[in-house]
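Colleague: Supplied in structure tokens, the structure appears directly below.
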Amino acid sequence: MTKNLLSRLVLLLVALGVVGAIVFAFRPQPVAVDLAEVVRGPLEVTVDEDGRTRIRDRYVVSAPLNGQLQRIELDAGDPVAAGETVVAVLEPVDPALLDARENLESEARVRRAQAVLERTGPELDAALARREHAAVELDRIQTAFNRNAATQRELDAALLADRTAREELAAARFAQEIARFELELAQAALIRTRPVAEGGAAPEYLTIRSPITGRVLRVMHESAAVVSPGSPIIELGDPADLEVEVDVLSTDAVQIRPGAPVHIERWGGERVLNGVVRLVEPQAFTKISALGVEEQRVNVIIDFADPFELWSALGDGYRVEARIVVWREESVLKVPAGSLFRRGREWCVFVEREGKAALREVAAGRRTSLEVQIVEGLEAGERVIVHPSDSIEAGTAIVARTEP
């Protein structure tokens, strides 16, 4: 009797062990997941596009009259000084061979150059007045800001207005210098197109000097050649006077405001450069994307905010990548963008709670490619599942994946 009871007890224990092993083997195992903590911190929304540098003010020296252009010894990159460096030498055609029409055209070019020069005077005065007003306004806002009587937005607007006024003044002065150069060149050409009195000296060579201080950008006629009035000879510019042109989608352009900060990356240097939006052009244009889709694009013009020494290696037409800031907050509740998913029309996340996944509806705000602002539904310190798989449901046992 005792032996039978013992045998039955052994069989029962074995059976219970087998059943327990089977239950343990088929028990759902926790799913390994990546967890990220809900944190508070800065969030910056940007419009990211490729751009290219360009010289703000460039000048193409053209032939003022018919003649034989001598070989140009300058090469691209050579420095030039205003009023000193000879950029071209023309041997005028014998005035006796010119007809009355060409003489009248030369006189007309002089009158036109005079009119352009006279027009630059009031424009320069207006630019100077705007510059002085912007400087006074900036000083007033800066003083008020130091006394906590003005906001950061007002100070930023005053800084932008001052920067814009300085650029407009520089452009107006450049335009006046070029207009004066054009008038002098037209007057010199007019003298050389008039017939020489009998026994007078033959027409001299016309020497054209650089109207600006900068560098040679391009030489159109390197070898000697016969040129006609208006033929481009050489292009000049100042490489230190660079700006960045970025074309963005028109739907992004409406979010960009003048004065917005810009991060300039992947330009070849080690550090990220700082810039500021100066202008969002008012007219869009059509561009075909790499996928063959027609897009409406808008040019955004950006000025460098860093000293020239930091980006002096850049030249005209260089490629850069610009991240234009359209929104920024210093303290927002945020999660990785990969943790959110749609459930119907609502945004949801899986929150880790006591080793299990809990479904939570949230209200999402601003977003970037990596992070999303959470307006409602989560608290700082909670942990959410990043890139949840189809095997995750509410109540699924989970375990944090260990890094290899």
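Ordered as shown in the structure tokens, chains take letters A, B, and onward, while each chain numbers its residues from 1 and ligands are numbered from 1 in the order shown.
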What are the DSSP strand (DSSP E or B) residues of region 137-381 of chain A, as a ChimeraX atom specification?
Modeller: /A:206-209,214-219,225-227,232-237,242-249,261-265,273-280,285-288,294-304,319-336,341-343,346-353,356-367,371-376
Colleague: Name the closest residue to Leu279 (chain A) among the candidates A:Glu182, A:Asp247, A:Asp48, A:Glu265; distances are taken between atoms, counting only C-alpha atoms.
Modeller: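 Checking each of A:Glu182, A:Asp247, A:Asp48, A:Glu265 against Leu279 (chain A), counting only C-alpha atoms, the winner is A:Asp247.
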Colleague: I need the residue nearest Val254 (chain A) from this list: A:Arg163, A:Arg297, A:Arg266, A:Arg343. Use only C-alpha atoms for the distance.
Modeller: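 The shortest atom-to-atom distance to Val254 (chain A) comes from A:Arg297.
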Colleague: Per DSSP on the backbone, what are the alpha helix (DSSP H) residues of region 67-162 of chain A, as a ChimeraX atom specification?
Modeller: /A:100-146,152-162
Colleague: Print the selection's residues with C-alpha atoms to a file, as an mmCIF file, in the first residue's frame.
Modeller:
data_model
loop_
_atom_site.group_PDB
_atom_site.id
_atom_site.type_symbol
_atom_site.label_atom_id
_atom_site.label_comp_id
_atom_site.auth_asym_id
_atom_site.auth_seq_id
_atom_site.Cartn_x
_atom_site.Cartn_y
_atom_site.Cartn_z
ATOM 1 C CA ALA A 100 27.128 110.135 -88.154
ATOM 2 C CA ARG A 101 24.899 107.493 -86.573
ATOM 3 C CA GLU A 102 27.741 106.075 -84.494
ATOM 4 C CA ASN A 103 28.725 109.568 -83.345
ATOM 5 C CA LEU A 104 25.146 110.214 -82.252
ATOM 6 C CA GLU A 105 25.059 106.884 -80.414
ATOM 7 C CA SER A 106 28.213 107.837 -78.497
ATOM 8 C CA GLU A 107 26.650 111.177 -77.531
ATOM 9 C CA ALA A 108 23.490 109.373 -76.412
ATOM 10 C CA ARG A 109 25.516 107.017 -74.210
ATOM 11 C CA VAL A 110 27.085 110.046 -72.511
ATOM 12 C CA ARG A 111 23.684 111.617 -71.843
ATOM 13 C CA ARG A 112 22.327 108.345 -70.501
ATOM 14 C CA ALA A 113 25.331 107.925 -68.193
ATOM 15 C CA GLN A 114 24.840 111.479 -66.920
ATOM 16 C CA ALA A 115 21.172 110.768 -66.171
ATOM 17 C CA VAL A 116 22.038 107.561 -64.301
ATOM 18 C CA LEU A 117 24.655 109.377 -62.221
ATOM 19 C CA GLU A 118 22.223 112.167 -61.355
ATOM 20 C CA ARG A 119 19.629 109.601 -60.287
ATOM 21 C CA THR A 120 22.034 107.904 -57.878
ATOM 22 C CA GLY A 121 22.401 111.121 -55.854
ATOM 23 C CA PRO A 122 18.879 111.169 -54.316
ATOM 24 C CA GLU A 123 18.984 107.375 -53.922
ATOM 25 C CA LEU A 124 22.217 107.627 -51.944
ATOM 26 C CA ASP A 125 20.790 110.435 -49.790
ATOM 27 C CA ALA A 126 17.700 108.348 -49.056
ATOM 28 C CA ALA A 127 19.808 105.295 -48.180
ATOM 29 C CA LEU A 128 21.964 107.419 -45.877
ATOM 30 C CA ALA A 129 18.874 108.811 -44.134
ATOM 31 C CA ARG A 130 17.464 105.314 -43.627
ATOM 32 C CA ARG A 131 20.818 104.150 -42.245
ATOM 33 C CA GLU A 132 20.959 107.021 -39.738
ATOM 34 C CA HIS A 133 17.351 106.425 -38.666
ATOM 35 C CA ALA A 134 17.967 102.681 -38.233
ATOM 36 C CA ALA A 135 21.077 103.361 -36.128
ATOM 37 C CA VAL A 136 19.182 105.742 -33.839
ATOM 38 C CA GLU A 137 16.279 103.319 -33.528
ATOM 39 C CA LEU A 138 18.631 100.432 -32.727
ATOM 40 C CA ASP A 139 20.343 102.483 -30.023
ATOM 41 C CA ARG A 140 16.960 103.363 -28.508
ATOM 42 C CA ILE A 141 15.697 99.766 -28.542
ATOM 43 C CA GLN A 142 19.008 98.470 -27.157
ATOM 44 C CA THR A 143 18.805 100.910 -24.247
ATOM 45 C CA ALA A 144 15.191 99.960 -23.572
ATOM 46 C CA PHE A 145 16.058 96.265 -23.767
ATOM 47 C CA ASN A 146 18.848 96.690 -21.214
ATOM 48 C CA GLN A 152 13.811 90.367 -27.638
ATOM 49 C CA ARG A 153 11.597 90.428 -30.734
ATOM 50 C CA GLU A 154 11.763 94.233 -30.882
ATOM 51 C CA LEU A 155 15.548 94.130 -30.502
ATOM 52 C CA ASP A 156 15.869 91.524 -33.266
ATOM 53 C CA ALA A 157 13.694 93.642 -35.556
ATOM 54 C CA ALA A 158 15.847 96.709 -34.877
ATOM 55 C CA LEU A 159 19.041 94.740 -35.553
ATOM 56 C CA LEU A 160 17.590 93.492 -38.845
ATOM 57 C CA ALA A 161 16.529 97.005 -39.874
ATOM 58 C CA ASP A 162 20.006 98.320 -39.089
#
Colleague: Which residues are near Glu177 (chain A)? Cut-off 9 Å, only C-alpha atoms, ignore same chain within fewer than 4 positions. Put them as a PyMOL selection string.
Modeller: chain A and resi 117+172-173+181-182+211-212
Colleague: Could you save those same residues with C-alpha atoms as a PDB file, in the first residue's frame?
Modeller:
ATOM      1  CA  LEU A 117      24.655 109.377 -62.221  1.00  0.00           C
ATOM      2  CA  ALA A 172      23.750 102.831 -53.205  1.00  0.00           C
ATOM      3  CA  ARG A 173      27.394 103.906 -52.916  1.00  0.00           C
ATOM      4  CA  PHE A 181      32.804 105.252 -63.982  1.00  0.00           C
ATOM      5  CA  GLU A 182      30.305 104.673 -66.807  1.00  0.00           C
ATOM      6  CA  PRO A 211      35.884 100.706 -61.389  1.00  0.00           C
ATOM      7  CA  ILE A 212      35.981  98.716 -58.122  1.00  0.00           C
TER       8      ILE A 212
END
Colleague: Of the candidates A:Ser331, A:Arg257, A:Glu84, A:Gly269, which shows the shortest atom-to-atom distance to Arg319 (chain A), using only C-alpha atoms?
Modeller: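 Smallest separation from Arg319 (chain A) among the options: A:Gly269.
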Colleague: Excluding same-chain residues fewer than 5 positions from region 304-316 of chain A, what lies within 7 Å of it counting only C-alpha atoms, as a ChimeraX atom specification?
Modeller: /A:53-55,239-240,243,273-276
Colleague: Include C-alpha atoms and write out the residues we just selected as a PDB file, in the first residue's frame.
Modeller:
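In the end it all went to out10.pdb:
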ATOM      1  CA  THR A  53      27.019  81.579 -52.549  1.00  0.00           C
ATOM      2  CA  ARG A  54      27.061  84.573 -54.840  1.00  0.00           C
ATOM      3  CA  ILE A  55      28.799  87.935 -54.880  1.00  0.00           C
ATOM      4  CA  PRO A 239      34.709  87.892 -52.920  1.00  0.00           C
ATOM      5  CA  ALA A 240      34.413  89.274 -49.398  1.00  0.00           C
ATOM      6  CA  GLU A 243      25.591  86.228 -49.738  1.00  0.00           C
ATOM      7  CA  LEU A 273      28.414  79.144 -39.852  1.00  0.00           C
ATOM      8  CA  ASN A 274      25.720  81.539 -38.682  1.00  0.00           C
ATOM      9  CA  GLY A 275      23.590  83.554 -41.052  1.00  0.00           C
ATOM     10  CA  VAL A 276      20.456  85.677 -41.077  1.00  0.00           C
TER      11      VAL A 276
END
Colleague: Suppose you want the space between CA of Ser389 (chain A) and CA of Lys334 (chain A); what is it in Å?
Modeller: 21.1 Å
Colleague: Using only C-alpha atoms, pick whichever of A:Val298, A:Ala260, A:Ala322, A:Val33 has the shortest atom-to-atom distance to Val384 (chain A).
Modeller: A:Val33
Colleague: Show me, as a list in words, the residues that have an atom within 9 Å of Leu217 (chain A) when counting only C-alpha atoms, minus same-chain residues fewer than 5 positions from it.
Modeller: Arg58, Asp75, Ala76, Gly77, Asp78, Ile234, Glu235, Leu236, Gly237, Asp238, Pro239 and Asp316 of chain A
Colleague: Can you spit out the residues from that selection as a PDB file, in the first residue's frame, using C-alpha atoms?
Modeller:
ATOM      1  CA  ARG A  58      29.422  92.360 -59.486  1.00  0.00           C
ATOM      2  CA  ASP A  75      43.413  86.056 -65.008  1.00  0.00           C
ATOM      3  CA  ALA A  76      40.480  84.999 -62.852  1.00  0.00           C
ATOM      4  CA  GLY A  77      41.353  85.602 -59.207  1.00  0.00           C
ATOM      5  CA  ASP A  78      43.787  88.473 -59.795  1.00  0.00           C
ATOM      6  CA  ILE A 234      35.838  91.221 -68.060  1.00  0.00           C
ATOM      7  CA  GLU A 235      33.754  90.581 -64.925  1.00  0.00           C
ATOM      8  CA  LEU A 236      34.829  91.986 -61.548  1.00  0.00           C
ATOM      9  CA  GLY A 237      33.605  91.551 -57.991  1.00  0.00           C
ATOM     10  CA  ASP A 238      34.574  91.472 -54.319  1.00  0.00           C
ATOM     11  CA  PRO A 239      34.709  87.892 -52.920  1.00  0.00           C
ATOM     12  CA  ASP A 316      31.358  82.776 -55.737  1.00  0.00           C
TER      13      ASP A 316
END
Colleague: Which neighbours of Glu44 (chain A) fall inside 8 Å, counting only C-alpha atoms, when residues of the same chain fewer than 4 positions from it are skipped, and could you give them as a list in words?
Modeller: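 So, after excluding close chain neighbours, the residues are Val325, Val326, Trp327, Arg328, Glu329 and Thr368 of chain A.
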Colleague: Applying 10 Å and only C-alpha atoms, which residues near Arg401 (chain A) remain after dropping the ones on its own chain fewer than 6 positions away? List them as a ChimeraX atom specification.
Modeller: /A:31-35
